[in-house]
Amino acid sequence: MIEHHGSTGRTGSLLALLSLLVATTPMPAQQRADPVRLEDEAVRRALEYLRINTTNPPGNEDQTMRFFARILADEGIPFDTASSAPGRGNIWARIKGGGEPALVLLHHMDVVPADPRYWDADPFSATEKSGVIYARGALDTKTLGVMELEAFLALRRMKVPLARDVIFMATADEETGGSFGARWVVEHHPEAFAGAKLLLNEGGIGTEAAGRKRFGIEVTQKVPLWLKLVSTGKPGHGSVPPVGSSVDRLVRTLERLRTHEFAPRIVPAVDTYFKGLARNAPPEWKDAYADIRRTAGDRNALLRLQLDHPDLAALTRNTCSITVLQGSDKINVIPPEADAQLDCRLLPDQDPATFVRELESVINDPGIKVERILGFTPAVSPTDNPLYQAIADVTRRHFPDANIVPAVSTGFTDSHFFRDRGVACYGFAPILIPEEDESGIHGNNERLSVENLRRGTTMLLEIVQIVAGKRPDR
Ligand SMILES: [Zn+2]
């Protein structure tokens with residue numbers, strides 16, 4: 001059960017914070033927010049946003065771009081829009097502040113497909129049942145987008161004096177890699193995030209299991225390296241098997257890869273993450289997490305971790321999953337070419353070229369060509385950063401008994417495009433959900449409580465105010 005925060009209590013704490021800011025800020029123009037109104041507005045807007053179907057492919061983010069454009073226009077905030085392809089909209093807006101590096105509030109507007117046959121309600125109806133909103137995008141990541149929007153609007157309405165620019169940015173196409181979204185904006189519209197050194201994006205959330213609350217603030221990710229293995233051989237008729245066909249050769253290669261174990265290696269960010277997890281881990285895992293180097297060196301312990309927590313085990317080494325396979329498209333034809341695609345995920349400091357050389361030595365067959373489909377450079381964002389600290393402080397204030405840890409994610413988000421350009425990025429949505437609800441991300445019955453949406457809106461505003469609000473001493 002999610003810890004209950006009565007709306008009076010939260011309103012009180014926000015008002016206290018706001019009046020503190022008002023009291024210490026020599027700017028008489030600043031106005032107080034009406035937190036209840038802001039939260040009401042967040043709920044109303046989230047429902048509207050979630051009902052716009054931005055399943056990617058095809059995305060159709062132009063519709064949600066217009067949704068944000070209308071809101072920003074109504075508020076009198078200038079914004080820019082740009083479509084990377086027909087239907088693929090992106091939008092950003094900036095509130096000017098002082099000379100400190102700008103803060104970006106980023107989220108993606110597209111969602112993964114949802115099959116209504118496996119849902120209790122239409123995934124795009126945003127049905128509210130017993131205080132819970134069921135919708136594709138309820139966790140990934142439209143609700144974070146609404147919290148960011150409301151915080152952004154509140155800054156402007158309250159005329160908060162800002163030490164830095166604050167940028168709201170909503171992009172297309174995260175779910176298929178960002179080519180029409182964040183990546184395209186970074187390449188074609190660098191002015192959108194000019195001067196930015198801090199960025200808040202999806203990636204970490206709070207989960208609760210057996211009374212243990214844990215918030216992960218994502219500081220880095222495993223790096224994808226997507227590869228294609230191509231095998232060639234003499235084509236022929238299926239009735240006359242040759243000695244080594246393209247398919248035979250590929251299957252032999254894949255068997256070598258399937259049974260190969262990449263050596264465990266604990267990088268500092270992963271070590272810090274596990275030490276953080278150890279603080280309130282279930283008793284049977286406490287010691288194993290506290291010394292993950294030792295655990296990773298023990299075959300049985302590592303196997304146990306893989307069975308119980310495959311997501312955590314994946315952080316201890318480079319991995320490759322064999323996913324796409326292609327051979328002949330006809331049962332009686334031996335094809336001249338067969339190929340397989342590998343979803344490899346590298347540790348955040350792994351040099352990709354070195355990894356490919358290791359892979360080639362495992363394959364040990366010069367006849368297999370290794371082609372690169374996608375890959376990017378790794379980066380870790382530091383925890384001694386005002387944005388990280390503000391996220392941790394606000395979360396601690398709302399959840400004094402929660403364990404807050406700098407997290408490493410096995411998956412990737414749009415953050416890497418910005419980390420590559422020297423922007424410190426943190427993956428965090430201020431929500432606390434039952435651990436089992438995480439399966440809704442890319443799964444069925446994705447949902448978020450109204451309570452979370454309301455509290456998250458207030459928390460996000462508090463975070464942004466701490467990071468961007470002008471203090472008398474600066
Ligand atoms: Zn997402």
# chains A, B, ... in the order shown; residues from 1 in each chain; ligands from 1

call {"tool": "residues_near_ligand", "arguments": {"ligand": "ligand 1", "cutoff": "9 Å", "atoms": "only C-alpha atoms and all ligand atoms", "output": "VMD selection string"}}
result
chain A and resid 107 to 112 137 139 to 142 174 to 175 202 to 203 412 to 414 441 to 442

call {"tool": "residues_around", "arguments": {"residues": "Glu208 of chain A", "least_positions_apart": "5", "cutoff": "7 Å", "atoms": "only C-alpha atoms", "output": "ChimeraX atom specification"}}
result
/A:213-214,432-435

call {"tool": "write_last_selection", "arguments": {"atoms": "N, CA, C and O atoms", "output": "PDB file, in the first residue's frame"}}
result
ATOM      1  N   LYS A 213      10.591   0.800   1.048  1.00  0.00           N
ATOM      2  CA  LYS A 213      10.468   1.814  -0.005  1.00  0.00           C
ATOM      3  C   LYS A 213      11.847   2.145  -0.549  1.00  0.00           C
ATOM      4  O   LYS A 213      12.786   2.345   0.216  1.00  0.00           O
ATOM      5  N   ARG A 214      11.913   2.219  -1.869  1.00  0.00           N
ATOM      6  CA  ARG A 214      13.206   2.483  -2.492  1.00  0.00           C
ATOM      7  C   ARG A 214      13.023   3.409  -3.683  1.00  0.00           C
ATOM      8  O   ARG A 214      12.175   3.169  -4.515  1.00  0.00           O
ATOM      9  N   LEU A 432       5.773   6.754  -6.220  1.00  0.00           N
ATOM     10  CA  LEU A 432       6.077   5.545  -5.448  1.00  0.00           C
ATOM     11  C   LEU A 432       4.999   4.519  -5.759  1.00  0.00           C
ATOM     12  O   LEU A 432       3.837   4.716  -5.404  1.00  0.00           O
ATOM     13  N   ILE A 433       5.373   3.445  -6.427  1.00  0.00           N
ATOM     14  CA  ILE A 433       4.369   2.460  -6.845  1.00  0.00           C
ATOM     15  C   ILE A 433       4.681   1.098  -6.245  1.00  0.00           C
ATOM     16  O   ILE A 433       5.836   0.810  -5.909  1.00  0.00           O
ATOM     17  N   PRO A 434       3.642   0.265  -6.086  1.00  0.00           N
ATOM     18  CA  PRO A 434       3.914  -1.106  -5.642  1.00  0.00           C
ATOM     19  C   PRO A 434       4.827  -1.783  -6.668  1.00  0.00           C
ATOM     20  O   PRO A 434       4.662  -1.566  -7.868  1.00  0.00           O
ATOM     21  N   GLU A 435       5.801  -2.561  -6.187  1.00  0.00           N
ATOM     22  CA  GLU A 435       6.796  -3.142  -7.095  1.00  0.00           C
ATOM     23  C   GLU A 435       6.152  -3.892  -8.262  1.00  0.00           C
ATOM     24  O   GLU A 435       6.626  -3.827  -9.401  1.00  0.00           O
TER      25      GLU A 435
END

call {"tool": "select_by_dssp", "arguments": {"residues": "segment 252-420 of chain A", "states": "strand (DSSP E)", "output": "ChimeraX atom specification"}}
result
/A:319-326,333-334,337-346,368-375,403-409

call {"tool": "select_by_dssp", "arguments": {"residues": "segment 213-315 of chain A", "states": "alpha helix (DSSP H)", "output": "number ranges by chain"}}
result
A: 246-259, 268-278, 283-290, 292-297, 299-308, 310-313

call {"tool": "residues_around", "arguments": {"residues": "Leu302 of chain A", "least_positions_apart": "5", "cutoff": "10 Å", "atoms": "only C-alpha atoms", "output": "PDB file with all heavy atoms, in the first residue's frame"}}
result
ATOM      1  N   PRO A 264      32.244 -11.269 -15.272  1.00  0.00           N
ATOM      2  CA  PRO A 264      31.655 -10.210 -14.446  1.00  0.00           C
ATOM      3  C   PRO A 264      32.698  -9.126 -14.152  1.00  0.00           C
ATOM      4  O   PRO A 264      33.887  -9.419 -14.035  1.00  0.00           O
ATOM      5  CB  PRO A 264      31.260 -10.931 -13.154  1.00  0.00           C
ATOM      6  CG  PRO A 264      31.578 -12.358 -13.324  1.00  0.00           C
ATOM      7  CD  PRO A 264      32.337 -12.554 -14.591  1.00  0.00           C
ATOM      8  N   ALA A 288      25.082  -9.954   0.141  1.00  0.00           N
ATOM      9  CA  ALA A 288      25.462 -10.132  -1.268  1.00  0.00           C
ATOM     10  C   ALA A 288      25.538  -8.789  -1.978  1.00  0.00           C
ATOM     11  O   ALA A 288      26.435  -8.549  -2.789  1.00  0.00           O
ATOM     12  CB  ALA A 288      24.456 -11.042  -1.964  1.00  0.00           C
ATOM     13  N   ILE A 292      29.160  -6.591  -3.756  1.00  0.00           N
ATOM     14  CA  ILE A 292      28.748  -7.173  -5.038  1.00  0.00           C
ATOM     15  C   ILE A 292      29.946  -7.701  -5.813  1.00  0.00           C
ATOM     16  O   ILE A 292      29.824  -8.626  -6.618  1.00  0.00           O
ATOM     17  CB  ILE A 292      27.904  -6.166  -5.867  1.00  0.00           C
ATOM     18  CG1 ILE A 292      27.256  -6.855  -7.079  1.00  0.00           C
ATOM     19  CG2 ILE A 292      28.722  -4.965  -6.300  1.00  0.00           C
ATOM     20  CD1 ILE A 292      26.270  -7.942  -6.754  1.00  0.00           C
ATOM     21  N   ARG A 294      32.415  -9.440  -4.553  1.00  0.00           N
ATOM     22  CA  ARG A 294      32.602 -10.822  -4.087  1.00  0.00           C
ATOM     23  C   ARG A 294      31.479 -11.690  -4.665  1.00  0.00           C
ATOM     24  O   ARG A 294      31.707 -12.792  -5.153  1.00  0.00           O
ATOM     25  CB  ARG A 294      32.594 -10.850  -2.548  1.00  0.00           C
ATOM     26  CG  ARG A 294      32.949 -12.209  -1.954  1.00  0.00           C
ATOM     27  CD  ARG A 294      33.111 -12.129  -0.422  1.00  0.00           C
ATOM     28  NE  ARG A 294      32.011 -11.396   0.222  1.00  0.00           N
ATOM     29  CZ  ARG A 294      30.856 -11.952   0.569  1.00  0.00           C
ATOM     30  NH1 ARG A 294      30.635 -13.222   0.364  1.00  0.00           N
ATOM     31  NH2 ARG A 294      29.913 -11.218   1.135  1.00  0.00           N
ATOM     32  N   THR A 295      30.240 -11.165  -4.594  1.00  0.00           N
ATOM     33  CA  THR A 295      29.094 -11.934  -5.088  1.00  0.00           C
ATOM     34  C   THR A 295      29.278 -12.295  -6.566  1.00  0.00           C
ATOM     35  O   THR A 295      29.026 -13.425  -6.981  1.00  0.00           O
ATOM     36  CB  THR A 295      27.805 -11.103  -4.917  1.00  0.00           C
ATOM     37  OG1 THR A 295      27.717 -10.693  -3.558  1.00  0.00           O
ATOM     38  CG2 THR A 295      26.573 -11.893  -5.297  1.00  0.00           C
ATOM     39  N   ALA A 296      29.736 -11.307  -7.342  1.00  0.00           N
ATOM     40  CA  ALA A 296      29.882 -11.539  -8.778  1.00  0.00           C
ATOM     41  C   ALA A 296      30.989 -12.537  -9.081  1.00  0.00           C
ATOM     42  O   ALA A 296      30.980 -13.196 -10.116  1.00  0.00           O
ATOM     43  CB  ALA A 296      30.149 -10.227  -9.500  1.00  0.00           C
ATOM     44  N   GLY A 297      31.937 -12.662  -8.147  1.00  0.00           N
ATOM     45  CA  GLY A 297      33.026 -13.606  -8.340  1.00  0.00           C
ATOM     46  C   GLY A 297      32.651 -15.027  -7.945  1.00  0.00           C
ATOM     47  O   GLY A 297      33.411 -15.968  -8.162  1.00  0.00           O
ATOM     48  N   LEU A 307      18.610 -15.618 -11.275  1.00  0.00           N
ATOM     49  CA  LEU A 307      17.285 -16.240 -11.207  1.00  0.00           C
ATOM     50  C   LEU A 307      16.290 -15.339 -10.483  1.00  0.00           C
ATOM     51  O   LEU A 307      15.155 -15.176 -10.919  1.00  0.00           O
ATOM     52  CB  LEU A 307      17.367 -17.599 -10.493  1.00  0.00           C
ATOM     53  CG  LEU A 307      18.100 -18.688 -11.282  1.00  0.00           C
ATOM     54  CD1 LEU A 307      18.360 -19.910 -10.393  1.00  0.00           C
ATOM     55  CD2 LEU A 307      17.287 -19.094 -12.514  1.00  0.00           C
ATOM     56  N   ASP A 308      16.727 -14.729  -9.391  1.00  0.00           N
ATOM     57  CA  ASP A 308      15.818 -13.918  -8.566  1.00  0.00           C
ATOM     58  C   ASP A 308      15.663 -12.496  -9.083  1.00  0.00           C
ATOM     59  O   ASP A 308      14.580 -11.934  -9.048  1.00  0.00           O
ATOM     60  CB  ASP A 308      16.342 -13.858  -7.123  1.00  0.00           C
ATOM     61  CG  ASP A 308      15.835 -15.028  -6.299  1.00  0.00           C
ATOM     62  OD1 ASP A 308      15.489 -16.052  -6.925  1.00  0.00           O
ATOM     63  OD2 ASP A 308      15.788 -14.907  -5.061  1.00  0.00           O
ATOM     64  N   HIS A 309      16.770 -11.892  -9.525  1.00  0.00           N
ATOM     65  CA  HIS A 309      16.755 -10.489  -9.956  1.00  0.00           C
ATOM     66  C   HIS A 309      17.570 -10.323 -11.233  1.00  0.00           C
ATOM     67  O   HIS A 309      18.664  -9.741 -11.204  1.00  0.00           O
ATOM     68  CB  HIS A 309      17.321  -9.578  -8.849  1.00  0.00           C
ATOM     69  CG  HIS A 309      16.527  -9.624  -7.578  1.00  0.00           C
ATOM     70  ND1 HIS A 309      15.272  -9.070  -7.472  1.00  0.00           N
ATOM     71  CD2 HIS A 309      16.799 -10.194  -6.383  1.00  0.00           C
ATOM     72  CE1 HIS A 309      14.817  -9.274  -6.250  1.00  0.00           C
ATOM     73  NE2 HIS A 309      15.711  -9.953  -5.560  1.00  0.00           N
ATOM     74  N   PRO A 310      17.037 -10.834 -12.351  1.00  0.00           N
ATOM     75  CA  PRO A 310      17.812 -10.763 -13.598  1.00  0.00           C
ATOM     76  C   PRO A 310      18.201  -9.341 -13.980  1.00  0.00           C
ATOM     77  O   PRO A 310      19.256  -9.124 -14.587  1.00  0.00           O
ATOM     78  CB  PRO A 310      16.869 -11.374 -14.646  1.00  0.00           C
ATOM     79  CG  PRO A 310      15.526 -11.465 -14.006  1.00  0.00           C
ATOM     80  CD  PRO A 310      15.741 -11.483 -12.523  1.00  0.00           C
ATOM     81  N   ALA A 313      21.315  -8.648 -11.962  1.00  0.00           N
ATOM     82  CA  ALA A 313      22.430  -9.482 -12.433  1.00  0.00           C
ATOM     83  C   ALA A 313      23.002  -8.911 -13.726  1.00  0.00           C
ATOM     84  O   ALA A 313      24.211  -8.970 -13.959  1.00  0.00           O
ATOM     85  CB  ALA A 313      21.961 -10.917 -12.639  1.00  0.00           C
ATOM     86  N   THR A 316      26.113  -6.663 -13.748  1.00  0.00           N
ATOM     87  CA  THR A 316      27.425  -7.140 -13.308  1.00  0.00           C
ATOM     88  C   THR A 316      28.343  -7.512 -14.467  1.00  0.00           C
ATOM     89  O   THR A 316      29.483  -7.900 -14.247  1.00  0.00           O
ATOM     90  CB  THR A 316      27.281  -8.379 -12.392  1.00  0.00           C
ATOM     91  OG1 THR A 316      26.670  -9.449 -13.138  1.00  0.00           O
ATOM     92  CG2 THR A 316      26.419  -8.066 -11.182  1.00  0.00           C
TER      93      THR A 316
END

call {"tool": "atom_distance", "arguments": {"atom1": "atom CA of Asp339 of chain A", "atom2": "atom CA of Arg249 of chain A"}}
result
10.0 Å

call {"tool": "residues_around", "arguments": {"residues": "segment 251-257 of chain A", "least_positions_apart": "6", "cutoff": "12 Å", "atoms": "only C-alpha atoms", "output": "PDB file with N, CA and C atoms, in the first residue's frame"}}
result
ATOM      1  N   LYS A 228      24.632  -7.059 -35.977  1.00  0.00           N
ATOM      2  CA  LYS A 228      24.061  -8.036 -36.898  1.00  0.00           C
ATOM      3  C   LYS A 228      25.182  -8.972 -37.325  1.00  0.00           C
ATOM      4  N   LEU A 229      24.955 -10.270 -37.208  1.00  0.00           N
ATOM      5  CA  LEU A 229      25.936 -11.255 -37.644  1.00  0.00           C
ATOM      6  C   LEU A 229      25.455 -11.803 -38.977  1.00  0.00           C
ATOM      7  N   VAL A 230      26.316 -11.737 -39.976  1.00  0.00           N
ATOM      8  CA  VAL A 230      25.909 -12.198 -41.305  1.00  0.00           C
ATOM      9  C   VAL A 230      26.784 -13.374 -41.728  1.00  0.00           C
ATOM     10  N   SER A 231      26.097 -14.454 -42.105  1.00  0.00           N
ATOM     11  CA  SER A 231      26.783 -15.661 -42.533  1.00  0.00           C
ATOM     12  C   SER A 231      26.433 -15.921 -43.997  1.00  0.00           C
ATOM     13  N   GLY A 244      28.473 -27.151 -45.390  1.00  0.00           N
ATOM     14  CA  GLY A 244      28.302 -26.032 -44.436  1.00  0.00           C
ATOM     15  C   GLY A 244      27.478 -24.928 -45.066  1.00  0.00           C
ATOM     16  N   SER A 245      26.219 -24.856 -44.771  1.00  0.00           N
ATOM     17  CA  SER A 245      25.370 -23.803 -45.347  1.00  0.00           C
ATOM     18  C   SER A 245      25.479 -22.533 -44.515  1.00  0.00           C
ATOM     19  N   THR A 319      26.408  -8.056 -21.640  1.00  0.00           N
ATOM     20  CA  THR A 319      25.513  -9.163 -22.026  1.00  0.00           C
ATOM     21  C   THR A 319      25.150  -9.049 -23.497  1.00  0.00           C
ATOM     22  N   CYS A 320      24.756 -10.185 -24.085  1.00  0.00           N
ATOM     23  CA  CYS A 320      24.202 -10.183 -25.443  1.00  0.00           C
ATOM     24  C   CYS A 320      22.993 -11.095 -25.476  1.00  0.00           C
ATOM     25  N   SER A 321      21.871 -10.595 -25.960  1.00  0.00           N
ATOM     26  CA  SER A 321      20.697 -11.441 -26.199  1.00  0.00           C
ATOM     27  C   SER A 321      20.548 -11.633 -27.697  1.00  0.00           C
ATOM     28  N   ILE A 322      20.365 -12.891 -28.097  1.00  0.00           N
ATOM     29  CA  ILE A 322      20.094 -13.177 -29.511  1.00  0.00           C
ATOM     30  C   ILE A 322      18.603 -12.926 -29.714  1.00  0.00           C
ATOM     31  N   THR A 323      18.264 -12.026 -30.631  1.00  0.00           N
ATOM     32  CA  THR A 323      16.851 -11.678 -30.785  1.00  0.00           C
ATOM     33  C   THR A 323      16.308 -12.011 -32.183  1.00  0.00           C
ATOM     34  N   VAL A 324      16.759 -11.298 -33.199  1.00  0.00           N
ATOM     35  CA  VAL A 324      16.197 -11.501 -34.545  1.00  0.00           C
ATOM     36  C   VAL A 324      16.990 -12.579 -35.293  1.00  0.00           C
ATOM     37  N   LEU A 325      16.274 -13.499 -35.955  1.00  0.00           N
ATOM     38  CA  LEU A 325      16.918 -14.536 -36.779  1.00  0.00           C
ATOM     39  C   LEU A 325      16.307 -14.523 -38.172  1.00  0.00           C
ATOM     40  N   GLN A 326      17.165 -14.592 -39.185  1.00  0.00           N
ATOM     41  CA  GLN A 326      16.647 -14.681 -40.549  1.00  0.00           C
ATOM     42  C   GLN A 326      17.455 -15.686 -41.354  1.00  0.00           C
ATOM     43  N   GLY A 327      16.760 -16.635 -41.989  1.00  0.00           N
ATOM     44  CA  GLY A 327      17.427 -17.574 -42.881  1.00  0.00           C
ATOM     45  C   GLY A 327      16.688 -17.563 -44.203  1.00  0.00           C
ATOM     46  N   ALA A 338      22.407 -15.908 -44.195  1.00  0.00           N
ATOM     47  CA  ALA A 338      21.569 -15.989 -42.990  1.00  0.00           C
ATOM     48  C   ALA A 338      22.111 -14.981 -42.000  1.00  0.00           C
ATOM     49  N   ASP A 339      21.233 -14.351 -41.230  1.00  0.00           N
ATOM     50  CA  ASP A 339      21.753 -13.396 -40.266  1.00  0.00           C
ATOM     51  C   ASP A 339      20.989 -13.425 -38.949  1.00  0.00           C
ATOM     52  N   ALA A 340      21.646 -12.917 -37.941  1.00  0.00           N
ATOM     53  CA  ALA A 340      21.049 -12.841 -36.605  1.00  0.00           C
ATOM     54  C   ALA A 340      21.359 -11.469 -36.038  1.00  0.00           C
ATOM     55  N   GLN A 341      20.470 -10.959 -35.196  1.00  0.00           N
ATOM     56  CA  GLN A 341      20.737  -9.689 -34.543  1.00  0.00           C
ATOM     57  C   GLN A 341      20.939  -9.920 -33.044  1.00  0.00           C
ATOM     58  N   LEU A 342      21.906  -9.226 -32.521  1.00  0.00           N
ATOM     59  CA  LEU A 342      22.255  -9.360 -31.103  1.00  0.00           C
ATOM     60  C   LEU A 342      21.991  -8.039 -30.401  1.00  0.00           C
ATOM     61  N   CYS A 344      23.263  -6.395 -27.559  1.00  0.00           N
ATOM     62  CA  CYS A 344      24.300  -6.420 -26.528  1.00  0.00           C
ATOM     63  C   CYS A 344      24.174  -5.156 -25.686  1.00  0.00           C
ATOM     64  N   GLU A 358      36.459  -8.896 -28.588  1.00  0.00           N
ATOM     65  CA  GLU A 358      36.237 -10.059 -27.706  1.00  0.00           C
ATOM     66  C   GLU A 358      35.167 -10.969 -28.322  1.00  0.00           C
ATOM     67  N   LEU A 359      34.112 -10.336 -28.833  1.00  0.00           N
ATOM     68  CA  LEU A 359      33.017 -11.098 -29.433  1.00  0.00           C
ATOM     69  C   LEU A 359      33.514 -11.896 -30.638  1.00  0.00           C
ATOM     70  N   GLU A 360      34.355 -11.253 -31.450  1.00  0.00           N
ATOM     71  CA  GLU A 360      34.876 -11.941 -32.641  1.00  0.00           C
ATOM     72  C   GLU A 360      35.744 -13.131 -32.255  1.00  0.00           C
ATOM     73  N   SER A 361      36.439 -13.016 -31.133  1.00  0.00           N
ATOM     74  CA  SER A 361      37.272 -14.150 -30.734  1.00  0.00           C
ATOM     75  C   SER A 361      36.400 -15.292 -30.209  1.00  0.00           C
ATOM     76  N   VAL A 362      35.235 -14.964 -29.649  1.00  0.00           N
ATOM     77  CA  VAL A 362      34.309 -16.014 -29.225  1.00  0.00           C
ATOM     78  C   VAL A 362      33.706 -16.692 -30.458  1.00  0.00           C
ATOM     79  N   ILE A 363      33.316 -15.883 -31.436  1.00  0.00           N
ATOM     80  CA  ILE A 363      32.733 -16.416 -32.677  1.00  0.00           C
ATOM     81  C   ILE A 363      33.761 -17.286 -33.403  1.00  0.00           C
ATOM     82  N   ASN A 364      35.019 -16.804 -33.419  1.00  0.00           N
ATOM     83  CA  ASN A 364      36.136 -17.576 -33.966  1.00  0.00           C
ATOM     84  C   ASN A 364      35.846 -18.128 -35.364  1.00  0.00           C
ATOM     85  N   ASP A 365      35.273 -17.300 -36.216  1.00  0.00           N
ATOM     86  CA  ASP A 365      34.976 -17.710 -37.588  1.00  0.00           C
ATOM     87  C   ASP A 365      35.039 -16.468 -38.479  1.00  0.00           C
ATOM     88  N   PRO A 366      36.129 -16.329 -39.213  1.00  0.00           N
ATOM     89  CA  PRO A 366      36.293 -15.124 -40.035  1.00  0.00           C
ATOM     90  C   PRO A 366      35.222 -15.015 -41.116  1.00  0.00           C
ATOM     91  N   GLY A 367      34.490 -16.090 -41.371  1.00  0.00           N
ATOM     92  CA  GLY A 367      33.432 -16.047 -42.379  1.00  0.00           C
ATOM     93  C   GLY A 367      32.170 -15.359 -41.885  1.00  0.00           C
ATOM     94  N   ILE A 368      32.094 -15.073 -40.590  1.00  0.00           N
ATOM     95  CA  ILE A 368      30.918 -14.385 -40.040  1.00  0.00           C
ATOM     96  C   ILE A 368      31.231 -12.899 -39.956  1.00  0.00           C
ATOM     97  N   LYS A 369      30.438 -12.109 -40.640  1.00  0.00           N
ATOM     98  CA  LYS A 369      30.648 -10.660 -40.616  1.00  0.00           C
ATOM     99  C   LYS A 369      29.872 -10.041 -39.459  1.00  0.00           C
ATOM    100  N   VAL A 370      30.529  -9.161 -38.706  1.00  0.00           N
ATOM    101  CA  VAL A 370      29.852  -8.475 -37.602  1.00  0.00           C
ATOM    102  C   VAL A 370      29.571  -7.035 -38.021  1.00  0.00           C
TER     103      VAL A 370
END

call {"tool": "residues_around", "arguments": {"residues": "Ile71 of chain A", "least_positions_apart": "4", "cutoff": "12 Å", "atoms": "only C-alpha atoms", "output": "ChimeraX atom specification"}}
result
/A:41,45,48-49,64-67,75-79,91,93,146,149-150,152-153
